[in-house]
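Okay, final00.txt now, which holds compact mmCIF, C-alpha atoms:
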```txt
# COMPACT_ATOMS: atom_id res chain seq x y z
CA MET W 1 -2.07 13.40 72.48
CA SER W 2 -1.31 11.63 75.78
CA SER W 3 -0.21 13.43 78.95
CA ILE W 4 3.42 12.95 79.93
CA ILE W 5 2.90 14.78 83.26
CA SER W 6 -0.27 14.36 85.30
CA VAL W 7 -0.85 16.12 88.63
CA LYS W 8 -4.09 15.50 90.53
CA ASN W 9 -5.06 17.11 93.85
CA LEU W 10 -1.44 17.69 94.84
CA VAL W 11 -0.88 18.96 98.38
CA LYS W 12 2.39 19.76 100.14
CA ARG W 13 2.30 20.94 103.73
CA TYR W 14 5.50 21.32 105.68
CA ARG W 15 5.63 20.26 109.31
CA ASN W 16 4.36 22.90 111.76
CA SER W 17 3.06 25.07 108.90
CA PRO W 18 -0.54 26.30 109.35
CA THR W 19 -1.13 26.37 105.57
CA SER W 20 -0.19 24.23 102.59
CA SER W 21 2.66 25.36 100.34
CA VAL W 22 0.85 23.62 97.46
CA ASP W 23 -2.89 23.46 98.00
CA ASP W 24 -4.89 20.84 96.05
CA ILE W 25 -3.72 21.65 92.51
CA SER W 26 -4.29 19.66 89.32
CA PHE W 27 -2.88 20.06 85.81
CA SER W 28 -1.46 17.98 82.97
CA VAL W 29 1.22 18.42 80.32
CA LYS W 30 1.10 16.69 76.94
CA ARG W 31 4.07 14.99 75.34
CA GLY W 32 6.14 17.53 73.41
CA GLU W 33 4.38 20.48 75.03
CA PHE W 34 6.09 23.71 76.08
CA PHE W 35 4.54 24.33 79.50
CA SER W 36 5.26 27.17 81.90
CA LEU W 37 4.52 27.35 85.62
CA LEU W 38 4.52 30.99 86.72
CA GLY W 39 4.07 32.75 90.04
CA PRO W 40 5.74 35.09 92.53
CA ASN W 41 8.48 33.97 94.90
CA GLY W 42 7.04 31.64 97.51
CA ALA W 43 4.01 30.70 95.39
CA GLY W 44 4.97 27.00 95.31
CA LYS W 45 6.69 26.66 91.92
CA THR W 46 9.95 25.16 93.13
CA THR W 47 8.05 22.89 95.53
CA ILE W 48 6.03 21.48 92.61
CA ILE W 49 9.13 20.95 90.45
CA SER W 50 10.93 19.32 93.38
CA ILE W 51 8.06 16.86 93.85
CA LEU W 52 7.84 16.07 90.13
CA THR W 53 11.61 15.48 89.95
CA THR W 54 11.52 13.21 93.04
CA THR W 55 13.69 15.40 95.30
CA LEU W 56 10.80 16.22 97.65
CA SER W 57 7.95 14.07 98.94
CA LYS W 58 4.32 15.10 98.55
CA THR W 59 1.80 15.23 101.38
CA SER W 60 -1.03 13.86 99.26
CA GLY W 61 -2.31 13.63 95.69
CA ASP W 62 -1.17 11.79 92.59
CA CYS W 63 1.79 12.72 90.36
CA LEU W 64 2.78 10.77 87.26
CA VAL W 65 5.78 11.63 85.10
CA ALA W 66 6.18 9.66 81.85
CA GLY W 67 3.52 7.32 83.21
CA LEU W 68 5.55 6.63 86.36
CA ASP W 69 4.57 7.38 89.94
CA VAL W 70 7.03 9.90 91.42
CA ALA W 71 6.67 8.40 94.90
CA THR W 72 7.05 4.68 94.14
CA GLN W 73 9.07 4.72 90.89
CA SER W 74 11.46 7.58 91.57
CA ALA W 75 14.57 5.96 90.04
CA SER W 76 12.73 5.28 86.78
CA VAL W 77 11.38 8.85 86.74
CA ARG W 78 14.89 10.30 87.13
CA ALA W 79 16.08 8.33 84.09
CA LYS W 80 13.47 10.10 81.95
CA ILE W 81 14.08 13.69 82.98
CA GLY W 82 16.68 16.45 82.84
CA ILE W 83 16.76 19.19 85.47
CA ILE W 84 18.25 22.64 85.70
CA PHE W 85 17.66 23.77 89.27
CA GLN W 86 17.72 27.32 90.61
CA ASN W 87 20.51 26.37 93.00
CA PRO W 88 23.74 24.93 91.54
CA SER W 89 24.41 21.21 92.02
CA LEU W 90 27.94 20.96 90.64
CA ASP W 91 31.01 19.45 92.29
CA LYS W 92 33.25 22.51 92.72
CA ASN W 93 36.44 20.47 93.12
CA LEU W 94 36.10 18.84 89.70
CA THR W 95 36.68 20.43 86.32
CA ALA W 96 33.73 21.39 84.16
CA GLU W 97 34.35 18.44 81.83
CA GLU W 98 34.65 16.00 84.75
CA ASN W 99 31.23 17.10 85.99
CA ILE W 100 29.80 16.39 82.53
CA ARG W 101 31.64 13.06 82.22
CA PHE W 102 30.47 11.72 85.57
CA HIS W 103 26.90 12.74 84.81
CA ALA W 104 27.03 10.94 81.44
CA CYS W 105 28.47 7.81 83.07
CA LEU W 106 25.86 7.84 85.87
CA TYR W 107 23.18 7.75 83.17
CA ASN W 108 25.01 4.85 81.45
CA LEU W 109 25.45 6.89 78.31
CA PHE W 110 29.13 6.02 78.03
CA PRO W 111 31.54 3.72 79.88
CA TYR W 112 33.58 5.55 82.48
CA ARG W 113 37.14 6.47 81.62
CA PRO W 114 39.48 8.30 84.05
CA LEU W 115 40.64 10.75 81.37
CA TYR W 116 38.77 12.81 78.79
CA THR W 117 41.19 11.64 76.08
CA GLN W 118 40.09 8.05 76.74
CA MET W 119 36.39 8.76 76.27
CA PRO W 120 34.63 7.63 73.05
CA ASP W 121 34.50 10.01 70.09
CA ASN W 122 30.69 10.23 70.37
CA TYR W 123 31.04 11.66 73.86
CA LYS W 124 33.55 14.27 72.70
CA ILE W 125 31.35 15.26 69.76
CA GLN W 126 28.29 15.66 71.98
CA VAL W 127 30.17 17.73 74.56
CA LYS W 128 31.64 19.95 71.84
CA SER W 129 28.23 20.46 70.22
CA LEU W 130 26.45 21.41 73.45
CA THR W 131 29.21 23.66 74.76
CA GLU W 132 29.31 25.56 71.46
CA VAL W 133 25.54 26.12 71.67
CA ILE W 134 25.71 27.55 75.17
CA GLY W 135 29.01 29.42 74.85
CA LEU W 136 31.64 27.45 76.77
CA THR W 137 35.12 26.99 75.31
CA ALA W 138 37.61 24.13 75.50
CA THR W 139 39.57 26.22 78.00
CA ASP W 140 36.46 26.60 80.15
CA LEU W 141 35.97 22.83 80.23
CA ASN W 142 39.38 22.36 81.82
CA LYS W 143 38.71 24.82 84.65
CA GLN W 144 37.75 23.68 88.12
CA VAL W 145 34.18 24.70 88.87
CA LYS W 146 35.27 26.68 91.93
CA ASP W 147 37.25 28.96 89.59
CA MET W 148 34.30 29.61 87.25
CA SER W 149 31.96 32.59 87.36
CA GLY W 150 28.30 32.17 88.25
CA GLY W 151 27.27 32.57 84.61
CA MET W 152 29.75 29.93 83.45
CA ARG W 153 28.52 27.50 86.11
CA ARG W 154 24.98 28.05 84.87
CA LYS W 155 26.06 27.22 81.33
CA LEU W 156 27.78 24.07 82.58
CA GLU W 157 24.64 22.91 84.39
CA ILE W 158 22.65 23.34 81.18
CA VAL W 159 25.15 21.29 79.17
CA ARG W 160 25.16 18.55 81.80
CA SER W 161 21.35 18.34 81.96
CA LEU W 162 21.09 17.93 78.17
CA MET W 163 23.70 15.18 77.79
CA HIS W 164 21.30 12.25 78.17
CA LYS W 165 18.63 13.74 75.86
CA PRO W 166 15.78 13.59 78.41
CA GLU W 167 12.14 13.08 77.45
CA ILE W 168 11.20 15.91 79.81
CA LEU W 169 13.35 18.90 80.64
CA PHE W 170 12.55 20.77 83.87
CA LEU W 171 13.92 24.30 83.77
CA ASP W 172 13.76 26.23 87.06
CA GLU W 173 14.88 29.79 86.18
CA PRO W 174 17.28 28.38 83.53
CA THR W 175 18.55 31.66 82.11
CA SER W 176 19.24 33.41 85.41
CA GLY W 177 22.81 34.69 85.18
CA LEU W 178 23.17 34.12 81.43
CA ASP W 179 24.22 36.87 79.04
CA PRO W 180 21.75 37.79 76.23
CA LEU W 181 23.56 35.79 73.51
CA SER W 182 23.71 32.66 75.68
CA ARG W 183 20.00 33.04 76.48
CA LYS W 184 19.18 33.28 72.77
CA ASN W 185 21.35 30.27 71.92
CA LEU W 186 19.76 28.20 74.66
CA TRP W 187 16.22 28.97 73.49
CA ASP W 188 17.14 28.28 69.87
CA TYR W 189 18.47 24.88 70.95
CA LEU W 190 15.38 24.12 73.06
CA THR W 191 13.15 24.97 70.10
CA HIS W 192 15.23 22.59 67.98
CA ILE W 193 14.94 19.61 70.35
CA ARG W 194 11.22 20.20 70.84
CA LYS W 195 10.71 20.09 67.08
CA ASN W 196 13.03 17.20 66.31
CA ASP W 197 12.91 15.04 69.45
CA ARG W 198 9.50 16.02 70.86
CA THR W 199 11.17 16.93 74.14
CA THR W 200 8.69 18.23 76.71
CA ILE W 201 9.75 21.52 78.29
CA PHE W 202 8.54 22.42 81.80
CA LEU W 203 9.62 25.97 82.63
CA THR W 204 9.53 28.33 85.57
CA THR W 205 10.85 31.82 84.96
CA HIS W 206 10.61 35.44 86.06
CA TYR W 207 11.49 36.54 82.50
CA LEU W 208 7.89 36.35 81.33
CA GLU W 209 8.80 37.00 77.69
CA GLU W 210 10.32 33.49 77.75
CA ALA W 211 6.82 32.08 78.34
CA GLU W 212 5.12 33.99 75.49
CA ASP W 213 5.57 31.06 73.09
CA CYS W 214 4.37 28.38 75.54
CA ASP W 215 1.55 26.07 74.57
CA ASN W 216 0.04 26.48 78.03
CA VAL W 217 0.73 28.59 81.10
CA CYS W 218 -0.29 27.78 84.66
CA ILE W 219 -0.14 30.72 87.09
CA ILE W 220 -0.12 29.96 90.80
CA ASN W 221 -0.35 32.25 93.81
CA ASN W 222 -0.36 31.25 97.48
CA GLY W 223 -0.19 27.59 96.48
CA LYS W 224 -3.30 27.65 94.28
CA ILE W 225 -3.85 27.83 90.52
CA VAL W 226 -5.25 31.26 89.68
CA ALA W 227 -5.08 31.12 85.86
CA TYR W 228 -4.53 28.40 83.27
CA GLY W 229 -4.52 28.35 79.47
CA SER W 230 -2.58 29.45 76.43
CA PRO W 231 -0.77 32.82 76.69
CA GLY W 232 -3.22 34.22 74.14
CA ASP W 233 -6.26 33.04 76.12
CA ILE W 234 -4.89 34.45 79.36
CA LYS W 235 -4.11 37.82 77.80
CA ARG W 236 -7.54 38.07 76.18
CA GLN W 237 -9.30 37.13 79.39
CA TYR W 238 -7.46 39.51 81.68
CA THR W 239 -6.11 42.44 79.68
CA GLY W 240 -7.20 42.31 76.05
CA HIS W 241 -5.56 41.34 72.76
CA HIS W 242 -2.75 43.87 72.44
CA THR W 243 -0.89 43.27 75.68
CA THR W 244 1.96 41.15 76.93
CA LEU W 245 1.81 38.05 79.11
CA GLU W 246 3.65 40.04 81.79
CA GLN W 247 0.87 42.64 81.91
CA ALA W 248 -1.77 39.93 82.27
CA TYR W 249 0.32 38.12 84.89
CA LEU W 250 0.73 41.25 87.01
CA LYS W 251 -3.01 41.90 86.96
CA ILE W 252 -3.78 38.31 87.95
CA ILE W 253 -1.34 38.35 90.85
CA GLN W 254 -2.64 41.70 92.12
CA GLU W 255 -6.23 40.44 92.01
CA THR W 256 -5.42 37.20 93.85
CA ASN W 257 -3.22 38.54 96.65
```

Show me this structure written as structure tokens.
Amino acid sequence: MSSIISVKNLVKRYRNSPTSSVDDISFSVKRGEFFSLLGPNGAGKTTIISILTTTLSKTSGDCLVAGLDVATQSASVRAKIGIIFQNPSLDKNLTAEENIRFHACLYNLFPYRPLYTQMPDNYKIQVKSLTEVIGLTATDLNKQVKDMSGGMRRKLEIVRSLMHKPEILFLDEPTSGLDPLSRKNLWDYLTHIRKNDRTTIFLTTHYLEEAEDCDNVCIINNGKIVAYGSPGDIKRQYTGHHTTLEQAYLKIIQETN
């Protein structure tokens, strides 16, 4: 199975910093894989995702996403990916539905129409389907984002990122702020699209139970990879068979600090 993400000798050093935020790391992700990048705050996770999603430049190394160079083919990379960032990126002065509509039109999924009622039926069906999965109502869609709670904004960002059915979905703390039912519904949906569409999932999370079903886990600390493999392999290597990924993770981080 071919790699859809390839990272080789990636380095990111910010100006005037004595050390690298990301320090010569390499890994790959296969098409359709559920991959998790784990580490404490400040370990370099968001920096890596930002580079792979073309919102931050690298210092050195090679990064390919869907066979495209993130530095020289950034526009083509962005057409292949969906992103749920830690920090919201919604227009607060628009309604929830307007945020979704403009996103769909920017990706050339549907022709732009100034009113929701003028949009094609396929658009309305897709919006209805995704909002039902994540727990937004028709009333919620008509609210201005500035009047929505943090949890509702998170749900809206998830709906928006899934509209164009990306080949790769980058999830940076995706369930932060979600209630338990919404978290369950989101993961059920992600499992569905992985199975049916072979969508590649690239996750960072502090809820380590969300990474238990990953194909592979990469744990970083201080900008370096400190463990890599399936959750089962990592648990066996560091803590034994009958433990959780969180227990193994905590031991690894303590040993590498």

Computed interatomic separation between CA of Gly229 (chain W) and CA of Asp215 (chain W) (Å): 8.1 Å

In file coordinates, which residues lie within 9 Å of (-1.7, 38.6, 95.4) using only C-alpha atoms, given as a PDB file with C-alpha atoms, in the frame of the given file?
```pdb
ATOM      1  CA  PRO W  40       5.740  35.090  92.530  1.00  0.00           C
ATOM      2  CA  ASN W 221      -0.350  32.250  93.810  1.00  0.00           C
ATOM      3  CA  ASN W 222      -0.360  31.250  97.480  1.00  0.00           C
ATOM      4  CA  ILE W 252      -3.780  38.310  87.950  1.00  0.00           C
ATOM      5  CA  ILE W 253      -1.340  38.350  90.850  1.00  0.00           C
ATOM      6  CA  GLN W 254      -2.640  41.700  92.120  1.00  0.00           C
ATOM      7  CA  GLU W 255      -6.230  40.440  92.010  1.00  0.00           C
ATOM      8  CA  THR W 256      -5.420  37.200  93.850  1.00  0.00           C
ATOM      9  CA  ASN W 257      -3.220  38.540  96.650  1.00  0.00           C
TER      10      ASN W 257
END
```

State, in Å with one decimal place, the distance from CA of Pro231 (chain W) to CA of Phe27 (chain W). 15.8 Å

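Neighbouring residues of region 33-39 of chain W at 9 Å or closer, counting only C-alpha atoms and skipping chain neighbours under 5 positions away, are Gly44, Lys45, Arg194, Arg198, Thr199, Thr200, Ile201, Phe202, Leu203, Thr204, Thr205, His206, Leu208, Ala211, Asp213, Cys214, Asp215, Asn216, Val217, Cys218, Ile219, Ile220, Asn221, Asn222, Tyr249 and Ile253 of chain W.
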
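Straight-line separation from CA of Ser28 (chain W) to CA of Arg236 (chain W): 22.1 Å.
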
Surrounding residues of region 12-19 of chain W excluding itself and chain neighbours under 3 positions, 9 Å, only C-alpha atoms, as a count of residues only: 11

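Residue neighbourhood of region 121-128 of chain W, excluding near-sequence residues (fewer than 4 positions): Glu97, Ile100, Arg101, Ala104, Leu109, Phe110, Tyr116, Thr117, Glu132, Val133, Leu136, Thr137, Ala138, Val159, Arg160 and Met163 of chain W, at 9 Å, using only C-alpha atoms.
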
If you keep C-alpha atoms, can you produce a file of those selected residues as an mmCIF file, in the frame of the given file?
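Dumped to selection-v6.cif:
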```cif
data_model
loop_
_atom_site.group_PDB
_atom_site.id
_atom_site.type_symbol
_atom_site.label_atom_id
_atom_site.label_comp_id
_atom_site.auth_asym_id
_atom_site.auth_seq_id
_atom_site.Cartn_x
_atom_site.Cartn_y
_atom_site.Cartn_z
ATOM 1 C CA GLU W 97 34.350 18.440 81.830
ATOM 2 C CA ILE W 100 29.800 16.390 82.530
ATOM 3 C CA ARG W 101 31.640 13.060 82.220
ATOM 4 C CA ALA W 104 27.030 10.940 81.440
ATOM 5 C CA LEU W 109 25.450 6.890 78.310
ATOM 6 C CA PHE W 110 29.130 6.020 78.030
ATOM 7 C CA TYR W 116 38.770 12.810 78.790
ATOM 8 C CA THR W 117 41.190 11.640 76.080
ATOM 9 C CA GLU W 132 29.310 25.560 71.460
ATOM 10 C CA VAL W 133 25.540 26.120 71.670
ATOM 11 C CA LEU W 136 31.640 27.450 76.770
ATOM 12 C CA THR W 137 35.120 26.990 75.310
ATOM 13 C CA ALA W 138 37.610 24.130 75.500
ATOM 14 C CA VAL W 159 25.150 21.290 79.170
ATOM 15 C CA ARG W 160 25.160 18.550 81.800
ATOM 16 C CA MET W 163 23.700 15.180 77.790
#
```

Residues within 12 Å of (16.5, 31.0, 71.6), counting all atoms listed in the file, listed as JSON, numbers by chain: {"W": [133, 134, 175, 180, 181, 182, 183, 184, 185, 186, 187, 188, 189, 190, 191, 192, 193, 209, 210, 211, 213]}

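Nearest to Leu56 (chain W) of all the residues W:Ser26, W:Ser74, W:Ser2, W:Ser20 is W:Ser74, counting all atoms listed in the file.
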
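Residue nearest Ile49 (chain W) within the list W:Ser76, W:Val70, W:Phe170, W:His103: W:Phe170 [criterion: smallest interatomic distance, all atoms listed in the file].
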
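For the choices W:Lys235, W:Arg154, W:Lys224, W:Lys165, the atom-to-atom distance to Asn87 (chain W) is smallest for W:Arg154 when using only C-alpha atoms.
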
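Each of W:Thr55, W:Ser149, W:Gln237, W:Ser176 was compared to Tyr207 (chain W) using all atoms listed in the file, and W:Ser176 turns out to be the nearest.
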
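Here the question is which of W:Val226, W:Cys105, W:Ile81, W:Ala96 gets nearest to Ala66 (chain W) using only C-alpha atoms, and that residue is W:Ile81.
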